[in-house]
Amino acid sequence: MASPHSDGWWKKRKAKARQASAAHSRARAGGHADPAEIFWHALAEDEVREKIETSQAGLTEAEAALRLREFGRNLLPGKPPPTAPAIFLHQFLSPLIYILLAAAVVSASLGDARDAGFILAVVLLNAGLGAFQEWKAERSAASLQQLLRVTARVRRGGAMAEVNAEDLAPGDLVYLESGARVPADLRLTAANRLTVDEALLTGESLPVEKRPVPLAADLPLADRRNMAYAGSIVAAGRGAGWVVATGARTEVGKIVRDVGAATSAKPPLVLRMERFARQISWLVLAASGVLGVVAFAQGMPLLEVFFLAVALAVSAIPEGLPVAMTVALSIATRRMARRQVIVRKLTAVEGLGSCTCIASDKTGTLTRNQQTVTAIWLADGQLWTSSAPLAPASERLLRRLVRASVLCNEASAHAGLADAGDQALAASWRFTGDAVDVAFWQLGLAFGLAPDAVARETTTLAELPYESDRAFAARYVRDGGRSYVVVKGAPEVVLPRCQSMRGAAGPEPLHSAAVDAALAVLTGDGHRVIAIAEAAAEWEAATPEAVAPALAADDLPPLQLLGLAGLLDPPRPEVKAAVAKCRQAGVEVLMVTGDHPRTALAIARELGIARAGESSVTGPQLAAIGSPEVPQFLDTVRQARVFARVSPAQKLDIVDALGRLGHFVAVTGDGANDAPALRRAHIGVAMGSGADVAKDTAAIIIADDNFASIEAGIEEGRFAYDNVRKVIYLLVATGAAEVLLFALALLTGLPVPLTPVQLLWLNLVTNGIQDVALAFEGGEAGAIHRPPRPPSEGIFNRLMIQETVVAGATIGLVAYFSLYFFAGLGIMQARNHLLLLMVLLENFHVFNCRSEYVSAFRIPLRRNWFLVAGVAAAQGVQLFAMHFPPVERLLQVAPISLGHWALTLLAATSILAVMEVFKWRRQPRRAPAPGG
């Protein structure tokens with residue numbers, strides 16, 4: 001290799017830079033150019049140095065500058081955010097918005113400034129709200145940039161230096177230490193007890209032990225133990241490595257590209273509302289056009305026909321729906337917040353209620369993300385768990401094992417506020433260090449072993465720290481007047497050193513078959529197993545001077561096995577019941593994780609996600625299938641309940657496949673590796689303690705990290721969707737009734753039932769008040785027990801169509817016969833009575849709309865006092881109009897006699913009677929839960 005200081009080398013690098021310029025540009029735009037395509041983990045150290053043309057002295061400042069120009073700064077990719085006007089204008093791309101704008105223009109042309117202003121206010125309110133939510137969503141990838149904004153210790157030109165991470169270039173030699181964030185993708189060249197927390201990228205619950213030795217090329221990212229990836233955190237130890245990828249070429253950079261490239265699936269409500277808007281707009285326009293043609297054929301002047309058709313269209317189109325829907329979703333947002341479910345995007349409120357499948361991450365979502373000793377096989381053959389009592393002799397052996405585990409321990413203890421009691425004892429100590437050592441100290445606290453007390457009672461005479469090559473740790477201690485060695489480490493290393501077992505009654509021969517059986521049980525349940533042993537009795541009289549050299553030489557005496565401890569990242573206690581309740585609600589729960597298949601499957605079985613006999617599907621198995629577009633991929637996803645060792649890109653493919661299989665998909669997660677799937681899902685749900693990028697990408701955040709809160713979100717989502725349906729039912733049924741009334745009048749030769757001004761007034765007085773009040777309706781009991789609606793089902797399902805037809809026909813026919821009955825009084829009086837009747841009919845019908853299943857008389861008024869007040873206000877405004885001369889003249893209305901009032905009121909109650917019969921007849925075929 002040419003010297004970095006020679007002119008020939010410099011010319012060579014400049015020529016190579018020109019040749020690689022196009023490739024690097026493609027890489028920055030999202031491609032994979034050299035060097036990112038190289039399997040760095042499969043190369044030996046000298047091959048790595050050769051390919052990136054560096055040396056043990058590191059890059060010179062000049063070479064680093066050149067490479068920065070070649071490869072770009074070590075920054076994650078991003079795109080300019082859309083401008084505020086662009087975001088605002090995007091909100092108007094909806095058929096319903098087009099119709100509402102046209103309605104506003106026509107209303108203004110009719111001289112009805114109030115109705116035009118009301119419609120425009122609705123449109124602007126929703127556009128402003130949507131623009132704000134979209135602006136927040138565009139920030140989702142921005143927090144990823146923070147992952148690389150750190151400093152790094154590097155060797156430049158043979159000297160140590162500290163540089164900003166964004167100034168790193170391929171070939172830099174970076175040094176790592178405990179607590180540091182890895183600034184770029186590194187191929188490690190040295191590792192001293194180095195462990196790295198890669199849960200951000202892989203979902204692996206334990207920090208990964210690193211070794212700088214070449215590995216097989218086909219290993220998944222989580223198993224590449226000689227690599228350290230950008231954004232991960234050094235949990236313990238020290239190391240050094242060559243920078244082999246920066247910025248967009250890093251693994252976290254690929255996640256950024258996936259987040260940016262992934263098109264967010266629309267929430268279920270948005271999909272259904274878009275379909276509804278198209279359907280209702282075309283239906284109303286067609287009906288208005290047909291009626292206009294009929295009116296013109298009967299001799300009505302063309303100008304009057306135009307105003308009538310437009311007024312009818314404006315009246316029938318539910319322009320109050322956007323405001324009512326916003327109110328309903330805002331109320332649901334507040335209710336969900338009280339149940340620890342924070343909604344970032346208003347349209348996502350009902351998403352959990354519509355989802356048919358939850359694809360959940362494991363670590364930190366279903367589990368605590370904290371290693372815990374959950375089972376111990378004692379050398380006397382007994383198995384301890386937190387719920388399994390032991391005989392007194394075995395209890396003494398257990399306590400001996402626990403004490404040994406905290407004596408042979410390298411975690412650091414930090415005292416807090418001391419207090420009495422075991423729970424207070426646990427709360428008064430915090431630990432840092434290796435996750436396994438921390439887990440054993442937590443176990444010690446549960447058995448009353450406080451770090452300060454243990455330190456007073458024991459003295460460390462010599463120790464042998466844990467090293468990955470050695471796979472065990474040993475410590476010579478004087479404890480209560482007794483001196484002995486305690487050992488803790490991998491079973492395959494510790495067990496061969498044991499010649500006996502420390503049973504409840506004393507030492508006995510090592511029963512290898514029993515130990516092997518216990519080891520198989522623990523590992524089969526997904527535990528990480530640690531063997532704990534102590535030295536034979538002859539060590540007790542030894543001096544520190546005699547023991548220390550033996551420990552240093554790894555020359556341990558014959559050991560007695562105390563037992564095998566099984567560690568897990570245990571499930572959160574509430575998750576199992578929550579999974580069962582989700583299943584009862586018709587929502588399937590899947591596990592999608594980057595963790596080990598055995599661990600994932602054990603946790604899934606414990607939680608009821610996977611059944612006995614089911615196996616997991618791994619990332620390599622999915623990769624072997626090939627394209628996610630092939631039928632075999634879909635079949636695999638359809639049948640699997642647990643996906644393990646999957647990459648972020650594969651999570652994205654799984655979510656896409658579930659969508660193609662007909663699911664509304666909710667994805668839950670807490671790491672950066674979950675961000676692309678969170679964005680692609682119909683509903684992204686992040687844990688409150690998760691990574692910023694996960695929370696920024698998700699539509700919903702579980703503030704208390706409690707998976708059971710998702711069940712609450714499902715219930716509140718269904719309440720919200722029910723309320724949206726109630727508002728639509730009210731608006732569409734009354735609009736259909738008005739269309740039917742006009743059609744019957746025109747077809748039977750009666751005068752036009754209402755003038756355009758009266759139509760607009762009716763729409764403003766009733767729908768402009770009642771629909772918003774109806775949005776405050778409380779949730780119906782039993783909603784959580786109903787199955788989710790099929791994704792292919794629109795808002796107008798069979799029930800909605802039936803109730804809309806029955807209610808619309810009833811209101812339309814009653815209004816028509818009223819017009820016919822009062823026609824003898826003259827057209828002015830007939831319209832006066834008809835307008836009052838329509839207001840009364842819609843005021844009564846709104847109580848039918850409080851539930852699609854339950855009698856209006858069984859729902860207490862106290863559940864929605866806003867509705868009671870709204871109905872009173874609507875009726876009061878109508879009465880005011882009938883008795884206030886200026887409005888009387890504008891609307892051509894007048895007071896009516898008490899007898900006609902009684903007849904009109906009796907006729908209006910018919911809608912209550914008809915809908916009560918409709919609900920009663922449906923009860924044998926569908927019997928909802930009480931109140932539901």
# chains A, B, ... in the order shown; residues from 1 in each chain; ligands from 1

call {"tool": "select_by_dssp", "arguments": {"residues": "stretch 344-373 of chain A", "states": "alpha helix (DSSP H)", "output": "NGL selection string"}}
result
:A and (351-354)

call {"tool": "write_last_selection", "arguments": {"atoms": "N, CA and C atoms", "output": "tab-separated table (two decimals), in the first residue's frame"}}
result
chain	number	residue	atom	x	y	z
A	351	GLY	N	-58.18	4.50	15.62
A	351	GLY	CA	-57.42	3.47	14.93
A	351	GLY	C	-57.28	2.18	15.69
A	352	LEU	N	-56.99	2.27	17.00
A	352	LEU	CA	-56.86	1.06	17.79
A	352	LEU	C	-58.19	0.31	17.86
A	353	GLY	N	-59.28	1.05	17.84
A	353	GLY	CA	-60.58	0.39	17.88
A	353	GLY	C	-60.88	-0.38	16.62
A	354	SER	N	-60.28	0.00	15.50
A	354	SER	CA	-60.52	-0.68	14.23
A	354	SER	C	-59.48	-1.73	13.89

call {"tool": "residues_around", "arguments": {"residues": "stretch 435-438 of chain A", "least_positions_apart": "2", "cutoff": "6 Å", "atoms": "only C-alpha atoms", "output": "list of chain:residue names"}}
result
A:Asn409, A:Ala411, A:Phe440, A:Trp441

call {"tool": "residues_around", "arguments": {"residues": "A:Leu390", "least_positions_apart": "6", "cutoff": "12 Å", "atoms": "only C-alpha atoms", "output": "list of chain:residue names"}}
result
A:Ile376, A:Trp377, A:Leu378, A:Asp380, A:Gly381, A:Gln382, A:Leu383, A:Trp384, A:Arg396, A:Leu397, A:Leu398, A:Arg399, A:Ala504

call {"tool": "residues_around", "arguments": {"residues": "stretch 194-209 of chain A", "least_positions_apart": "2", "cutoff": "6 Å", "atoms": "only C-alpha atoms", "output": "list in words"}}
result
Ala191, Asn192, Ala222, Ser232, Ile233, Val234, Ala235, Ala236, Gly237, Arg238, Thr363, Thr593, Gly594, Asp595, Gly671, Ala672 and Asn673 of chain A

call {"tool": "atom_distance", "arguments": {"atom1": "atom CA of A:Pro183", "atom2": "atom CA of A:Leu168"}}
result
8.2 Å

call {"tool": "atom_distance", "arguments": {"atom1": "atom CA of A:Val871", "atom2": "atom CA of A:Ala781"}}
result
24.3 Å

call {"tool": "residues_around", "arguments": {"residues": "A:Ala775", "least_positions_apart": "4", "cutoff": "10 Å", "atoms": "only C-alpha atoms", "output": "mmCIF file with N, CA and C atoms, in the first residue's frame"}}
result
data_model
loop_
_atom_site.group_PDB
_atom_site.id
_atom_site.type_symbol
_atom_site.label_atom_id
_atom_site.label_comp_id
_atom_site.auth_asym_id
_atom_site.auth_seq_id
_atom_site.Cartn_x
_atom_site.Cartn_y
_atom_site.Cartn_z
ATOM 1 N N VAL A 323 -66.764 19.305 11.634
ATOM 2 C CA VAL A 323 -66.676 19.880 12.974
ATOM 3 C C VAL A 323 -67.093 18.856 14.028
ATOM 4 N N ALA A 324 -68.209 18.154 13.771
ATOM 5 C CA ALA A 324 -68.678 17.158 14.739
ATOM 6 C C ALA A 324 -67.653 16.055 14.917
ATOM 7 N N MET A 325 -67.035 15.633 13.809
ATOM 8 C CA MET A 325 -66.026 14.585 13.909
ATOM 9 C C MET A 325 -64.814 15.083 14.695
ATOM 10 N N THR A 326 -64.406 16.329 14.455
ATOM 11 C CA THR A 326 -63.285 16.900 15.203
ATOM 12 C C THR A 326 -63.595 16.947 16.693
ATOM 13 N N VAL A 327 -64.823 17.339 17.016
ATOM 14 C CA VAL A 327 -65.215 17.382 18.425
ATOM 15 C C VAL A 327 -65.201 15.980 19.030
ATOM 16 N N ALA A 328 -65.773 15.002 18.313
ATOM 17 C CA ALA A 328 -65.821 13.626 18.824
ATOM 18 C C ALA A 328 -64.418 13.078 19.058
ATOM 19 N N LEU A 329 -63.517 13.320 18.112
ATOM 20 C CA LEU A 329 -62.155 12.798 18.251
ATOM 21 C C LEU A 329 -61.380 13.550 19.333
ATOM 22 N N SER A 330 -61.635 14.843 19.468
ATOM 23 C CA SER A 330 -60.966 15.614 20.518
ATOM 24 C C SER A 330 -61.410 15.145 21.901
ATOM 25 N N ILE A 331 -62.699 14.871 22.043
ATOM 26 C CA ILE A 331 -63.194 14.351 23.325
ATOM 27 C C ILE A 331 -62.554 13.003 23.622
ATOM 28 N N ALA A 332 -62.494 12.145 22.593
ATOM 29 C CA ALA A 332 -61.870 10.833 22.776
ATOM 30 C C ALA A 332 -60.393 10.975 23.127
ATOM 31 N N ALA A 720 -65.070 6.237 20.137
ATOM 32 C CA ALA A 720 -64.949 7.367 19.214
ATOM 33 C C ALA A 720 -65.571 7.039 17.864
ATOM 34 N N ASP A 722 -67.886 4.817 17.246
ATOM 35 C CA ASP A 722 -69.335 4.753 17.427
ATOM 36 C C ASP A 722 -69.941 6.144 17.370
ATOM 37 N N ASN A 723 -69.290 7.120 18.006
ATOM 38 C CA ASN A 723 -69.835 8.481 18.009
ATOM 39 C C ASN A 723 -69.790 9.111 16.631
ATOM 40 N N VAL A 724 -68.724 8.842 15.873
ATOM 41 C CA VAL A 724 -68.667 9.345 14.500
ATOM 42 C C VAL A 724 -69.809 8.742 13.676
ATOM 43 N N ARG A 725 -70.047 7.454 13.859
ATOM 44 C CA ARG A 725 -71.149 6.800 13.144
ATOM 45 C C ARG A 725 -72.500 7.404 13.538
ATOM 46 N N LYS A 726 -72.663 7.718 14.816
ATOM 47 C CA LYS A 726 -73.929 8.302 15.274
ATOM 48 C C LYS A 726 -74.185 9.641 14.596
ATOM 49 N N VAL A 727 -73.127 10.453 14.496
ATOM 50 C CA VAL A 727 -73.267 11.751 13.840
ATOM 51 C C VAL A 727 -73.605 11.562 12.359
ATOM 52 N N GLN A 770 -77.157 19.891 16.770
ATOM 53 C CA GLN A 770 -77.326 18.543 17.310
ATOM 54 C C GLN A 770 -76.116 17.644 17.059
ATOM 55 N N ASP A 771 -75.518 17.756 15.863
ATOM 56 C CA ASP A 771 -74.426 16.839 15.550
ATOM 57 C C ASP A 771 -73.229 17.050 16.471
ATOM 58 N N ARG A 850 -78.434 8.000 19.663
ATOM 59 C CA ARG A 850 -77.505 7.830 20.780
ATOM 60 C C ARG A 850 -76.973 6.397 20.860
ATOM 61 N N ASN A 864 -75.289 12.547 28.608
ATOM 62 C CA ASN A 864 -74.932 13.590 27.638
ATOM 63 C C ASN A 864 -75.851 14.788 27.818
ATOM 64 N N PHE A 866 -74.990 17.732 27.187
ATOM 65 C CA PHE A 866 -74.784 18.637 26.055
ATOM 66 C C PHE A 866 -75.866 18.414 24.995
ATOM 67 N N LEU A 867 -76.241 17.172 24.793
ATOM 68 C CA LEU A 867 -77.259 16.868 23.790
ATOM 69 C C LEU A 867 -78.615 17.425 24.214
#

call {"tool": "closest_residue", "arguments": {"among": "A:Ala577, A:Ile609, A:Ala535, A:Ile702", "to": "A:Gln560", "atoms": "only C-alpha atoms"}}
result
A:Ala535

call {"tool": "select_by_dssp", "arguments": {"residues": "stretch 341-510 of chain A", "states": "strand (DSSP E)", "output": "PyMOL selection string"}}
result
chain A and resi 341-343+357-360+372-378+383-385+412-415+429-432+458-464+472-479+482-489+498-503+506-509

call {"tool": "residues_around", "arguments": {"residues": "stretch 833-843 of chain A", "least_positions_apart": "4", "cutoff": "8 Å", "atoms": "only C-alpha atoms", "output": "list in words"}}
result
Thr734, Pro753, Leu754, Gln758, Leu762, Val765, Thr766, Gln770, Ile811, Ala815, Ser818, Leu819, Phe822, Gln829, Phe847, Val871, Ala874, Gln875, Gln878, Ile896, Thr904, Leu905, Ala907, Ala908, Thr909 and Ile911 of chain A

call {"tool": "residues_around", "arguments": {"residues": "A:Phe664", "least_positions_apart": "4", "cutoff": "8 Å", "atoms": "only C-alpha atoms", "output": "VMD selection string"}}
result
chain A and resid 268 354 to 357 658 to 659 682 791

call {"tool": "write_last_selection", "arguments": {"atoms": "N, CA, C and O atoms", "output": "PDB file, in the first residue's frame"}}
result
ATOM      1  N   PRO A 268     -57.589   3.922   9.747  1.00  0.00           N
ATOM      2  CA  PRO A 268     -58.859   3.361   9.261  1.00  0.00           C
ATOM      3  C   PRO A 268     -59.956   4.396   9.089  1.00  0.00           C
ATOM      4  O   PRO A 268     -60.710   4.348   8.121  1.00  0.00           O
ATOM      5  N   SER A 354     -60.280   0.000  15.496  1.00  0.00           N
ATOM      6  CA  SER A 354     -60.524  -0.678  14.226  1.00  0.00           C
ATOM      7  C   SER A 354     -59.484  -1.726  13.890  1.00  0.00           C
ATOM      8  O   SER A 354     -59.681  -2.517  12.979  1.00  0.00           O
ATOM      9  N   CYS A 355     -58.336  -1.719  14.611  1.00  0.00           N
ATOM     10  CA  CYS A 355     -57.264  -2.631  14.238  1.00  0.00           C
ATOM     11  C   CYS A 355     -57.690  -4.077  14.462  1.00  0.00           C
ATOM     12  O   CYS A 355     -58.424  -4.393  15.391  1.00  0.00           O
ATOM     13  N   THR A 356     -57.226  -4.932  13.580  1.00  0.00           N
ATOM     14  CA  THR A 356     -57.507  -6.361  13.686  1.00  0.00           C
ATOM     15  C   THR A 356     -56.276  -7.150  14.101  1.00  0.00           C
ATOM     16  O   THR A 356     -56.380  -8.335  14.392  1.00  0.00           O
ATOM     17  N   CYS A 357     -55.120  -6.485  14.115  1.00  0.00           N
ATOM     18  CA  CYS A 357     -53.874  -7.182  14.415  1.00  0.00           C
ATOM     19  C   CYS A 357     -52.892  -6.192  15.055  1.00  0.00           C
ATOM     20  O   CYS A 357     -52.743  -5.075  14.562  1.00  0.00           O
ATOM     21  N   LEU A 658     -49.071  -8.134   6.314  1.00  0.00           N
ATOM     22  CA  LEU A 658     -50.295  -8.190   7.110  1.00  0.00           C
ATOM     23  C   LEU A 658     -51.383  -7.305   6.506  1.00  0.00           C
ATOM     24  O   LEU A 658     -52.565  -7.665   6.508  1.00  0.00           O
ATOM     25  N   GLY A 659     -50.967  -6.145   5.984  1.00  0.00           N
ATOM     26  CA  GLY A 659     -51.939  -5.278   5.320  1.00  0.00           C
ATOM     27  C   GLY A 659     -52.515  -5.922   4.076  1.00  0.00           C
ATOM     28  O   GLY A 659     -53.729  -5.838   3.816  1.00  0.00           O
ATOM     29  N   HIS A 682     -50.948   1.085   9.959  1.00  0.00           N
ATOM     30  CA  HIS A 682     -52.134   1.940  10.008  1.00  0.00           C
ATOM     31  C   HIS A 682     -52.129   2.780  11.285  1.00  0.00           C
ATOM     32  O   HIS A 682     -52.510   3.945  11.273  1.00  0.00           O
ATOM     33  N   PRO A 791     -61.840  -4.743   7.702  1.00  0.00           N
ATOM     34  CA  PRO A 791     -61.189  -3.611   7.032  1.00  0.00           C
ATOM     35  C   PRO A 791     -61.868  -3.192   5.731  1.00  0.00           C
ATOM     36  O   PRO A 791     -61.835  -2.020   5.362  1.00  0.00           O
TER      37      PRO A 791
END

call {"tool": "atom_distance", "arguments": {"atom1": "atom CA of A:Met800", "atom2": "atom CA of A:Tyr729"}}
result
7.0 Å
